[in-house]
>>> print(open('coords_17.txt').read())   # compact mmCIF, C-alpha atoms
# COMPACT_ATOMS: atom_id res chain seq x y z
CA MET A 1 -1.89 -7.32 19.59
CA ILE A 2 -4.14 -4.32 19.27
CA VAL A 3 -3.83 -0.75 20.48
CA GLU A 4 -7.07 1.18 20.92
CA VAL A 5 -7.58 4.91 21.11
CA ASP A 6 -10.69 6.87 21.97
CA THR A 7 -10.30 10.37 20.54
CA ALA A 8 -13.33 11.56 22.52
CA SER A 9 -11.63 10.62 25.81
CA ALA A 10 -10.24 13.26 28.17
CA VAL A 11 -6.99 11.31 28.27
CA PRO A 12 -4.68 12.50 25.48
CA ALA A 13 -4.26 10.03 22.62
CA TYR A 14 -0.48 9.78 23.10
CA GLU A 15 -1.01 8.84 26.76
CA GLN A 16 -3.55 6.14 25.81
CA ILE A 17 -1.03 4.62 23.40
CA ARG A 18 1.83 4.93 25.89
CA ALA A 19 -0.12 3.33 28.72
CA GLN A 20 -1.26 0.37 26.63
CA LEU A 21 2.18 -0.28 25.18
CA ALA A 22 3.81 0.12 28.60
CA THR A 23 1.45 -2.45 30.10
CA MET A 24 2.10 -4.91 27.24
CA ILE A 25 5.85 -4.47 27.65
CA GLU A 26 5.86 -4.72 31.44
CA THR A 27 3.75 -7.86 31.46
CA GLY A 28 5.90 -9.51 28.80
CA VAL A 29 3.10 -9.62 26.19
CA LEU A 30 5.55 -7.70 24.02
CA ALA A 31 8.83 -9.54 24.51
CA PRO A 32 12.20 -7.77 24.52
CA GLY A 33 13.44 -7.38 20.95
CA THR A 34 9.92 -7.11 19.49
CA LYS A 35 9.80 -4.43 16.83
CA LEU A 36 7.01 -1.89 17.20
CA PRO A 37 5.28 -0.60 14.06
CA PRO A 38 6.78 2.53 12.51
CA VAL A 39 5.32 5.79 13.79
CA ARG A 40 3.78 6.53 10.39
CA GLN A 41 2.06 3.16 10.17
CA LEU A 42 0.53 3.37 13.65
CA ALA A 43 -0.48 7.00 13.09
CA ALA A 44 -2.19 6.10 9.79
CA ASP A 45 -3.99 3.10 11.32
CA LEU A 46 -5.26 5.16 14.25
CA GLY A 47 -5.98 8.27 12.18
CA LEU A 48 -3.74 10.39 14.40
CA ALA A 49 -0.98 12.88 13.69
CA VAL A 50 2.49 11.38 13.37
CA ASN A 51 3.67 13.60 16.25
CA THR A 52 1.10 12.10 18.61
CA VAL A 53 2.41 8.57 18.12
CA ALA A 54 6.00 9.83 18.10
CA ARG A 55 5.41 11.42 21.52
CA ALA A 56 4.11 8.11 22.92
CA TYR A 57 7.24 6.36 21.62
CA THR A 58 9.48 9.10 23.06
CA GLU A 59 7.88 8.68 26.50
CA LEU A 60 8.41 4.91 26.34
CA ASP A 61 12.01 5.50 25.29
CA ARG A 62 12.54 7.84 28.26
CA ALA A 63 11.08 5.23 30.60
CA GLY A 64 13.59 2.72 29.23
CA LEU A 65 10.90 0.42 27.88
CA VAL A 66 11.89 0.76 24.20
CA THR A 67 14.93 1.80 22.25
CA SER A 68 14.64 3.84 19.08
CA ARG A 69 17.39 3.88 16.50
CA VAL A 70 17.46 5.45 13.08
CA ARG A 71 16.85 2.83 10.34
CA HIS A 72 16.23 0.12 12.96
CA GLY A 73 12.94 1.46 14.24
CA THR A 74 11.60 1.13 17.75
CA VAL A 75 12.32 -2.11 19.59
CA VAL A 76 11.18 -3.32 23.02
CA ALA A 77 14.15 -2.97 25.39
CA PRO A 78 15.39 -5.79 27.64
CA HIS A 79 13.62 -5.51 30.98
CA GLN A 80 12.41 -7.43 33.97
CA ALA A 81 8.81 -8.48 33.31
CA ILE A 82 6.44 -7.86 36.23
CA GLY A 83 5.40 -10.97 38.17
CA GLN A 84 2.05 -12.77 38.31
CA PRO A 85 1.02 -11.14 41.63
CA GLU A 86 1.34 -7.69 40.06
CA ILE A 87 -0.56 -8.81 36.94
CA ARG A 88 -3.35 -10.20 39.14
CA ARG A 89 -3.44 -7.00 41.17
CA ARG A 90 -3.84 -4.89 38.01
CA LEU A 91 -6.49 -7.27 36.65
CA ALA A 92 -8.44 -7.06 39.92
CA GLU A 93 -8.18 -3.27 39.80
CA ALA A 94 -9.57 -3.22 36.24
CA ALA A 95 -12.34 -5.66 37.24
CA ASP A 96 -13.29 -3.44 40.19
CA SER A 97 -13.59 -0.41 37.98
CA PHE A 98 -15.64 -2.39 35.39
CA ALA A 99 -17.93 -3.71 38.15
CA ALA A 100 -18.45 -0.18 39.43
CA ILE A 101 -19.44 1.06 35.94
CA ALA A 102 -21.75 -1.94 35.43
CA GLY A 103 -23.38 -1.19 38.80
CA ARG A 104 -23.93 2.47 37.88
CA LEU A 105 -25.51 1.37 34.56
CA GLY A 106 -27.86 -0.94 36.46
CA VAL A 107 -27.05 -4.06 34.41
CA THR A 108 -27.24 -7.54 35.87
CA PRO A 109 -24.07 -9.57 36.61
CA ASP A 110 -24.97 -11.99 33.79
CA GLU A 111 -25.25 -9.13 31.30
CA SER A 112 -21.94 -7.73 32.54
CA LEU A 113 -20.18 -11.07 32.16
CA ASP A 114 -21.69 -11.45 28.69
CA ALA A 115 -20.24 -8.09 27.68
CA VAL A 116 -16.83 -9.09 29.03
CA ARG A 117 -16.90 -12.40 27.15
CA LYS A 118 -17.81 -10.62 23.91
CA ALA A 119 -15.05 -8.08 24.42
CA LEU A 120 -12.51 -10.81 25.10
CA HIS A 121 -13.44 -12.68 21.93
CA ARG A 122 -13.37 -9.62 19.69
CA MET B 1 -14.63 12.32 -37.74
CA THR B 2 -11.56 13.32 -35.75
CA ILE B 3 -13.67 14.13 -32.71
CA LEU B 4 -15.43 10.78 -33.11
CA PHE B 5 -12.15 8.82 -33.15
CA GLY B 6 -10.57 10.91 -30.41
CA GLY B 7 -13.63 10.69 -28.16
CA LEU B 8 -14.30 6.99 -28.81
CA PRO B 9 -11.66 5.73 -26.32
CA LEU B 10 -13.16 7.94 -23.63
CA VAL B 11 -16.67 6.63 -24.31
CA VAL B 12 -15.48 2.99 -24.36
CA ALA B 13 -13.48 3.52 -21.14
CA ALA B 14 -16.43 5.20 -19.43
CA ALA B 15 -18.81 2.40 -20.43
CA HIS B 16 -16.41 -0.23 -19.10
CA ALA B 17 -15.52 1.72 -15.96
CA TYR B 18 -19.05 2.11 -14.66
CA GLY B 19 -20.33 -1.42 -15.29
CA PRO B 20 -20.99 -3.71 -12.32
CA ILE B 21 -18.21 -5.93 -10.98
CA SER B 22 -19.00 -9.42 -12.25
CA ARG B 23 -19.00 -12.48 -10.03
CA ALA B 24 -16.31 -13.98 -12.27
CA ARG B 25 -14.05 -10.97 -11.67
CA LEU B 26 -14.56 -11.27 -7.92
CA GLU B 27 -13.84 -15.00 -8.00
CA THR B 28 -10.69 -14.48 -10.08
CA PHE B 29 -9.43 -11.93 -7.58
CA ALA B 30 -10.23 -14.24 -4.65
CA GLN B 31 -8.53 -17.19 -6.32
CA LYS B 32 -5.39 -15.25 -7.23
CA GLN B 33 -5.10 -13.78 -3.75
CA ARG B 34 -6.06 -17.02 -1.95
CA LEU B 35 -8.87 -15.12 -0.26
CA ASP B 36 -12.18 -16.45 1.03
CA ILE B 37 -14.92 -13.99 0.14
CA THR B 38 -17.34 -13.67 3.05
CA ALA B 39 -20.35 -11.52 3.90
CA GLY B 40 -17.98 -9.36 5.96
CA ASN B 41 -15.32 -8.64 3.35
CA GLY B 42 -17.19 -8.96 0.03
CA ASP B 43 -18.25 -5.32 -0.10
CA ARG B 44 -14.71 -4.16 0.63
CA VAL B 45 -13.25 -6.22 -2.22
CA ILE B 46 -15.98 -5.16 -4.65
CA ALA B 47 -15.42 -1.49 -3.74
CA TYR B 48 -11.68 -1.94 -4.33
CA LEU B 49 -12.22 -3.57 -7.71
CA ALA B 50 -14.73 -0.90 -8.73
CA ILE B 51 -12.56 2.06 -7.67
CA THR B 52 -9.38 0.74 -9.27
CA ARG B 53 -11.16 -0.20 -12.49
CA ARG B 54 -12.85 3.19 -12.71
CA TRP B 55 -9.61 5.15 -12.32
CA ARG B 56 -7.51 2.85 -14.48
CA CYS B 57 -10.13 2.96 -17.27
CA ALA B 58 -10.39 6.73 -17.00
CA GLY B 59 -6.60 7.02 -17.21
CA ALA B 60 -6.36 4.62 -20.14
CA GLY B 61 -9.16 6.41 -22.02
CA LEU B 62 -7.60 9.80 -21.43
CA GLY B 63 -4.13 8.54 -22.36
CA CYS B 64 -5.50 7.03 -25.56
CA ALA B 65 -7.28 10.28 -26.47
CA ILE B 66 -4.16 12.35 -25.75
CA GLY B 67 -2.04 9.93 -27.80
CA PHE B 68 -4.52 10.24 -30.65
CA ALA B 69 -4.55 14.03 -30.44
CA TRP B 70 -0.73 14.04 -30.35
CA GLY B 71 -0.50 12.50 -33.81
CA LEU B 72 -3.14 14.71 -35.41
CA PRO B 73 -0.89 17.69 -36.31
CA GLU B 74 1.25 15.26 -38.33
CA GLY B 75 -1.82 13.73 -39.95
CA ARG B 76 -1.41 10.40 -38.10
CA PHE B 77 -4.55 8.62 -36.94
CA GLN B 78 -3.21 6.06 -34.51
CA ILE B 79 -3.56 4.61 -31.06
CA ASN B 80 -0.41 5.32 -29.11
CA PHE B 81 0.20 2.28 -26.90
CA LEU B 82 2.63 4.11 -24.64
CA ALA B 83 0.20 6.99 -24.03
CA LEU B 84 -2.60 4.50 -23.33
CA PHE B 85 -0.44 2.53 -20.90
CA ALA B 86 0.94 5.65 -19.20
CA GLY B 87 -2.64 6.93 -18.80
CA TRP B 88 -3.73 3.60 -17.32
CA PHE B 89 -0.78 3.75 -14.93
CA VAL B 90 -1.58 7.29 -13.79
CA GLY B 91 -5.15 6.09 -13.19
CA ALA B 92 -3.77 3.20 -11.10
CA LEU B 93 -1.72 5.63 -8.99
CA VAL B 94 -4.69 7.95 -8.45
CA ALA B 95 -6.87 4.96 -7.48
CA GLU B 96 -4.42 3.99 -4.74
CA LEU B 97 -4.42 7.51 -3.36
CA THR B 98 -8.23 7.52 -3.44
CA LEU B 99 -8.31 4.25 -1.49
CA ALA B 100 -6.27 5.82 1.30
CA ARG B 101 -9.27 7.86 2.45
CA VAL B 102 -11.14 6.29 5.36
CA ARG B 103 -14.05 7.27 7.52
CA ARG B 104 -13.43 7.00 11.25
CA GLY B 105 -15.31 7.08 14.51
CA THR B 106 -13.87 8.22 17.82
CA ARG B 107 -12.86 4.69 18.90
CA ARG B 108 -10.00 3.41 16.78
CA ALA B 109 -7.85 0.31 16.87
CA ALA B 110 -4.58 -0.66 15.26
CA SER B 111 -2.53 -3.82 15.07
CA LEU B 112 1.06 -3.79 16.34
CA VAL B 113 2.25 -6.03 13.52
CA VAL B 114 4.88 -4.26 11.42
CA ARG B 115 3.97 -3.97 7.73
CA THR B 116 6.58 -3.66 5.03
CA SER B 117 6.56 -4.35 1.31
CA ALA B 118 8.04 -7.77 2.21
CA THR B 119 4.71 -8.59 3.85
CA TYR B 120 2.99 -8.42 0.47
CA LEU B 121 5.66 -9.05 -2.17
CA VAL B 122 8.03 -11.99 -2.69
CA PRO B 123 11.75 -11.03 -2.91
CA LEU B 124 11.83 -11.44 -6.72
CA THR B 125 8.98 -8.96 -7.20
CA ARG B 126 10.48 -6.56 -4.65
CA GLY B 127 13.69 -6.60 -6.65
CA MET B 128 12.06 -5.57 -9.93
CA LEU B 129 12.03 -1.82 -9.26
CA PRO B 130 15.71 -1.75 -8.21
CA LEU B 131 16.39 -3.80 -11.34
CA ALA B 132 14.55 -1.21 -13.44
CA ALA B 133 16.65 1.51 -11.78
CA ILE B 134 19.85 -0.41 -12.66
CA VAL B 135 18.70 -0.84 -16.29
CA LEU B 136 17.87 2.85 -16.47
CA THR B 137 21.29 3.77 -15.07
CA ALA B 138 22.90 1.47 -17.64
CA ALA B 139 20.87 3.19 -20.37
CA MET B 140 22.08 6.56 -19.13
CA ILE B 141 25.69 5.34 -19.25
CA VAL B 142 25.11 4.09 -22.82
CA VAL B 143 23.64 7.46 -23.81
CA LEU B 144 26.54 9.37 -22.30
CA MET B 145 29.22 7.00 -23.65
CA ARG B 146 28.02 6.77 -27.24
CA ARG B 147 27.95 10.48 -27.87
CA ASP B 148 30.26 13.19 -26.85
CA PRO B 149 28.69 15.37 -24.14
CA GLN B 150 27.81 18.12 -26.63
CA SER B 151 25.78 15.80 -28.82
CA VAL B 152 23.84 13.87 -26.17
CA PRO B 153 20.28 13.95 -27.47
CA ALA B 154 18.04 15.86 -25.12
CA ALA B 155 15.18 13.45 -25.90
CA ALA B 156 17.26 10.49 -24.64
CA MET B 157 17.96 12.24 -21.35
CA ALA B 158 14.28 13.19 -21.13
CA TRP B 159 13.38 9.47 -21.39
CA ILE B 160 15.88 8.65 -18.63
CA ALA B 161 14.41 11.41 -16.44
CA PHE B 162 10.88 10.12 -17.18
CA GLY B 163 11.86 6.58 -16.17
CA ALA B 164 13.56 7.81 -12.99
CA GLY B 165 10.47 9.89 -12.18
CA VAL B 166 8.21 6.85 -12.61
CA ILE B 167 10.38 4.72 -10.30
CA SER B 168 10.43 7.46 -7.65
CA LEU B 169 6.67 7.95 -7.88
CA VAL B 170 5.97 4.22 -7.65
CA THR B 171 8.27 3.93 -4.63
CA LEU B 172 6.38 6.72 -2.88
CA VAL B 173 2.92 5.38 -3.68
CA ARG B 174 3.99 1.84 -2.74
CA ARG B 175 5.06 3.13 0.66
CA GLN B 176 1.71 4.86 0.98
CA VAL B 177 -0.11 1.60 0.12
CA VAL B 178 1.82 -0.27 2.83
CA THR B 179 1.26 2.32 5.56
CA ARG B 180 -2.29 3.39 4.73
CA ALA B 181 -4.83 2.78 7.47
CA ARG B 182 -5.67 -0.83 8.22
CA PRO B 183 -9.12 -1.66 9.53
CA GLY B 184 -9.02 -2.97 13.09
CA ALA B 185 -11.62 -5.62 12.43
CA GLU B 186 -12.52 -9.26 11.92
CA PRO B 187 -9.98 -11.73 10.48
CA ASP B 188 -11.84 -12.01 7.15
CA VAL B 189 -11.75 -8.22 6.67
CA LEU B 190 -8.06 -8.15 7.55
CA ALA B 191 -7.41 -10.95 5.05
CA ALA B 192 -9.23 -8.93 2.37
CA ASP B 193 -7.18 -5.87 3.29
CA ASP B 194 -3.98 -7.90 2.88
CA ALA B 195 -5.19 -9.22 -0.49
CA ILE B 196 -6.01 -5.70 -1.68
CA ARG B 197 -2.60 -4.36 -0.68
CA THR B 198 -0.89 -7.33 -2.31
CA ARG B 199 -2.74 -6.75 -5.58
CA SER B 200 -2.10 -2.99 -5.50
CA LEU B 201 1.62 -3.41 -4.90
CA HIS B 202 1.91 -5.95 -7.73
CA VAL B 203 0.09 -3.66 -10.17
CA LEU B 204 2.18 -0.62 -9.19
CA THR B 205 5.45 -2.55 -9.40
CA SER B 206 4.49 -4.02 -12.75
CA GLY B 207 3.43 -0.69 -14.25
CA GLY B 208 6.51 1.09 -12.93
CA PHE B 209 8.81 -1.62 -14.24
CA VAL B 210 7.27 -1.58 -17.72
CA LEU B 211 7.34 2.22 -18.03
CA ALA B 212 10.92 2.45 -16.73
CA GLY B 213 11.96 -0.38 -19.06
CA ILE B 214 10.36 1.28 -22.08
CA SER B 215 12.07 4.56 -21.13
CA ALA B 216 15.45 2.81 -21.01
CA ILE B 217 14.86 1.20 -24.44
CA ALA B 218 13.71 4.52 -25.95
CA ALA B 219 16.79 6.33 -24.57
CA MET B 220 19.17 3.68 -25.89
CA ASN B 221 17.46 3.72 -29.29
CA LEU B 222 18.08 7.47 -29.55
CA ALA B 223 21.72 7.05 -28.54
CA ASP B 224 22.33 4.07 -30.80
CA PRO B 225 19.76 3.98 -33.62
CA GLY B 226 21.60 1.09 -35.32
CA ALA B 227 20.09 -1.72 -33.24
CA ALA B 228 16.86 0.13 -32.47
CA ALA B 229 14.52 -2.33 -34.20
CA ILE B 230 15.95 -5.42 -32.47
CA ARG B 231 16.10 -3.65 -29.13
CA THR B 232 12.52 -2.42 -29.44
CA VAL B 233 11.10 -5.82 -30.39
CA PHE B 234 13.05 -8.09 -28.05
CA GLY B 235 13.62 -5.61 -25.23
CA GLY B 236 10.03 -4.41 -25.40
CA LEU B 237 8.71 -7.97 -25.42
CA LEU B 238 10.88 -8.94 -22.45
CA VAL B 239 9.77 -5.90 -20.48
CA LEU B 240 6.11 -6.57 -21.27
CA LEU B 241 6.32 -10.26 -20.35
CA CYS B 242 8.06 -9.39 -17.08
CA GLY B 243 5.38 -6.77 -16.40
CA ILE B 244 2.58 -9.28 -16.99
CA ALA B 245 4.34 -11.85 -14.78
CA ILE B 246 4.76 -9.31 -11.97
CA ALA B 247 1.17 -8.08 -12.19
CA ASN B 248 -0.19 -11.62 -12.00
CA GLY B 249 2.25 -12.79 -9.35
CA ARG B 250 1.14 -13.92 -5.94
CA GLY B 251 2.33 -12.50 -2.67
CA PRO B 252 3.93 -14.53 0.10
CA GLN B 253 1.72 -17.04 1.90
CA ARG B 254 -0.42 -14.90 4.13
CA GLN B 255 -0.84 -15.25 7.84
CA VAL B 256 -3.73 -13.24 9.12
CA ALA B 257 -2.26 -10.73 11.51
CA PRO B 258 -4.13 -9.97 14.73
>>> encode(input="coords_17.txt", output="structure tokens")
Amino acid sequence: MIVEVDTASAVPAYEQIRAQLATMIETGVLAPGTKLPPVRQLAADLGLAVNTVARAYTELDRAGLVTSRVRHGTVVAPHQAIGQPEIRRRLAEAADSFAAIAGRLGVTPDESLDAVRKALHR
Amino acid sequence: MTILFGGLPLVVAAAHAYGPISRARLETFAQKQRLDITAGNGDRVIAYLAITRRWRCAGAGLGCAIGFAWGLPEGRFQINFLALFAGWFVGALVAELTLARVRRGTRRAASLVVRTSATYLVPLTRGMLPLAAIVLTAAMIVVLMRRDPQSVPAAAMAWIAFGAGVISLVTLVRRQVVTRARPGAEPDVLAADDAIRTRSLHVLTSGGFVLAGISAIAAMNLADPGAAAIRTVFGGLLVLLCGIAIANGRGPQRQVAP
């Protein structure tokens, strides 16, 4: 599982991390009980300040998606995973926004699908 | 003449440090770390070998020269093994800190797999530094028990403090090696990154164990000079053999993390 951050984006880095982790937790990709990497490790890997990653973890903790305990680290909390209809709805939403960008760039559907395939296999 | 002998280690170290990394060296590393060298990860491994060799050689050369200079006022022309080894070890520590620097773009990726020293070291190797700490504590007890508090040799306590300092420093740098940035990249690059961390942690653990062990022996020798010769030969040999075994040890079977 990979977390990606674009430091040039208008969305704050902590929010990018929070959103990605929240999605992975809600969809069950990160199962309850899964240990998340320590704040320092994730911050070093992403080249961000420790506080930035810590804030993302704090937000997830507040939302009840993870539990943080001293010496035990941050663990995915027990939760009800979202169902397939919701996953499909979110996927369709992401596909719509990708299609819109591809249309604005003037690329053909084949080129767009090629890009998606490459991204999926990365 | 003195300058020639004192400067010789530096010249030899510099000549060795800046030579190219041989294919044999690369293959040995790959074999030891069970790593497949590919077009994608070859440069990374070569850079690691070059940087670590450069710093370790520089440290060893400097340590040797300092050791040589140390004996000069007493008219001794000798190579001080401990100074050479300590210099090499300082070079190894500096190399690891140098490797932590990375160049980044605006798009960054990180794996969610948790890394700990257990990812790279087998339990026996992980236990060597705590073992060194126990031996050092035992040495301190010996030093304090054999002499009354007024006559505890300051040099013995200095050796204990040196050993404790080495263990603390190695623990810190080891943590840094585990948490330093990991490239979010292809599986072969990730495998090379794992191999590099595994090698670094083995070298640091080995060096720290040997220096702490030597410190404990030196402290006990000062507290109890009677059995110094036996302790130095057998204890020193045991510590060195353990150090070599740790340095050449393999990490746990690797599974390439996503």
>>> closest_residue(input="coords_17.txt", among="A:His121, A:Val70, A:Ile87, A:Ala115", to="chain B", atoms="only C-alpha atoms")
A:His121
>>> residues_around(input="coords_17.txt", residues="stretch 52-54 of chain A", least_positions_apart="6", cutoff="8 Å", atoms="all atoms listed in the file", output="VMD selection string")
chain A and resid 13 to 14 17 39 42 to 43
>>> write_last_selection(input="coords_17.txt", atoms="C-alpha atoms", output="CSV table (one decimal), in the frame of the given file")
chain,number,residue,atom,x,y,z
A,13,ALA,CA,-4.3,10.0,22.6
A,14,TYR,CA,-0.5,9.8,23.1
A,17,ILE,CA,-1.0,4.6,23.4
A,39,VAL,CA,5.3,5.8,13.8
A,42,LEU,CA,0.5,3.4,13.6
A,43,ALA,CA,-0.5,7.0,13.1
>>> closest_residue(input="coords_17.txt", among="A:Arg104, A:Arg90, A:Lys35, A:Arg69", to="chain B", atoms="only C-alpha atoms")
A:Lys35
>>> closest_atom_pairs(input="coords_17.txt", of="chain A", to="chain B", cutoff="9 Å", atoms="only C-alpha atoms", output="CSV")
residue,atom,partner,partner_atom,distance
A:Met1,CA,B:Leu112,CA,5.6
A:Ile2,CA,B:Ser111,CA,4.5
A:Val3,CA,B:Ala110,CA,5.3
A:Glu4,CA,B:Ala109,CA,4.2
A:Val5,CA,B:Arg108,CA,5.2
A:Asp6,CA,B:Arg107,CA,4.3
A:Thr7,CA,B:Thr106,CA,5.0
A:Ala8,CA,B:Thr106,CA,5.8
A:Ser9,CA,B:Thr106,CA,8.6
A:Lys35,CA,B:Val114,CA,7.3
A:Leu36,CA,B:Leu112,CA,6.3
A:Pro37,CA,B:Val114,CA,4.5
A:Pro38,CA,B:Val114,CA,7.1
A:Arg40,CA,B:Thr179,CA,6.9
A:Gln41,CA,B:Thr179,CA,4.8
A:Leu42,CA,B:Ala110,CA,6.7
A:Ala43,CA,B:Ala181,CA,8.3
A:Ala44,CA,B:Ala181,CA,4.8
A:Asp45,CA,B:Ala181,CA,4.0
A:Leu46,CA,B:Arg108,CA,5.7
A:Gly47,CA,B:Ala181,CA,7.3
A:Arg122,CA,B:Glu186,CA,7.8
>>> write_last_selection(input="coords_17.txt", atoms="C-alpha atoms", output="tab-separated table (two decimals), in the frame of the given file")
chain	number	residue	atom	x	y	z
A	1	MET	CA	-1.89	-7.32	19.59
A	2	ILE	CA	-4.14	-4.32	19.27
A	3	VAL	CA	-3.83	-0.75	20.48
A	4	GLU	CA	-7.07	1.18	20.92
A	5	VAL	CA	-7.58	4.91	21.11
A	6	ASP	CA	-10.69	6.87	21.97
A	7	THR	CA	-10.30	10.37	20.54
A	8	ALA	CA	-13.33	11.56	22.52
A	9	SER	CA	-11.63	10.62	25.81
A	35	LYS	CA	9.80	-4.43	16.83
A	36	LEU	CA	7.01	-1.89	17.20
A	37	PRO	CA	5.28	-0.60	14.06
A	38	PRO	CA	6.78	2.53	12.51
A	40	ARG	CA	3.78	6.53	10.39
A	41	GLN	CA	2.06	3.16	10.17
A	42	LEU	CA	0.53	3.37	13.65
A	43	ALA	CA	-0.48	7.00	13.09
A	44	ALA	CA	-2.19	6.10	9.79
A	45	ASP	CA	-3.99	3.10	11.32
A	46	LEU	CA	-5.26	5.16	14.25
A	47	GLY	CA	-5.98	8.27	12.18
A	122	ARG	CA	-13.37	-9.62	19.69
>>> atom_distance(input="coords_17.txt", atom1="atom CA of B:Thr232", atom2="atom CA of B:Ile217")
6.6 Å
>>> closest_residue(input="coords_17.txt", among="A:Val29, A:Ala10, A:Ala94, A:Val116", to="A:Ile82", atoms="only C-alpha atoms")
A:Val29
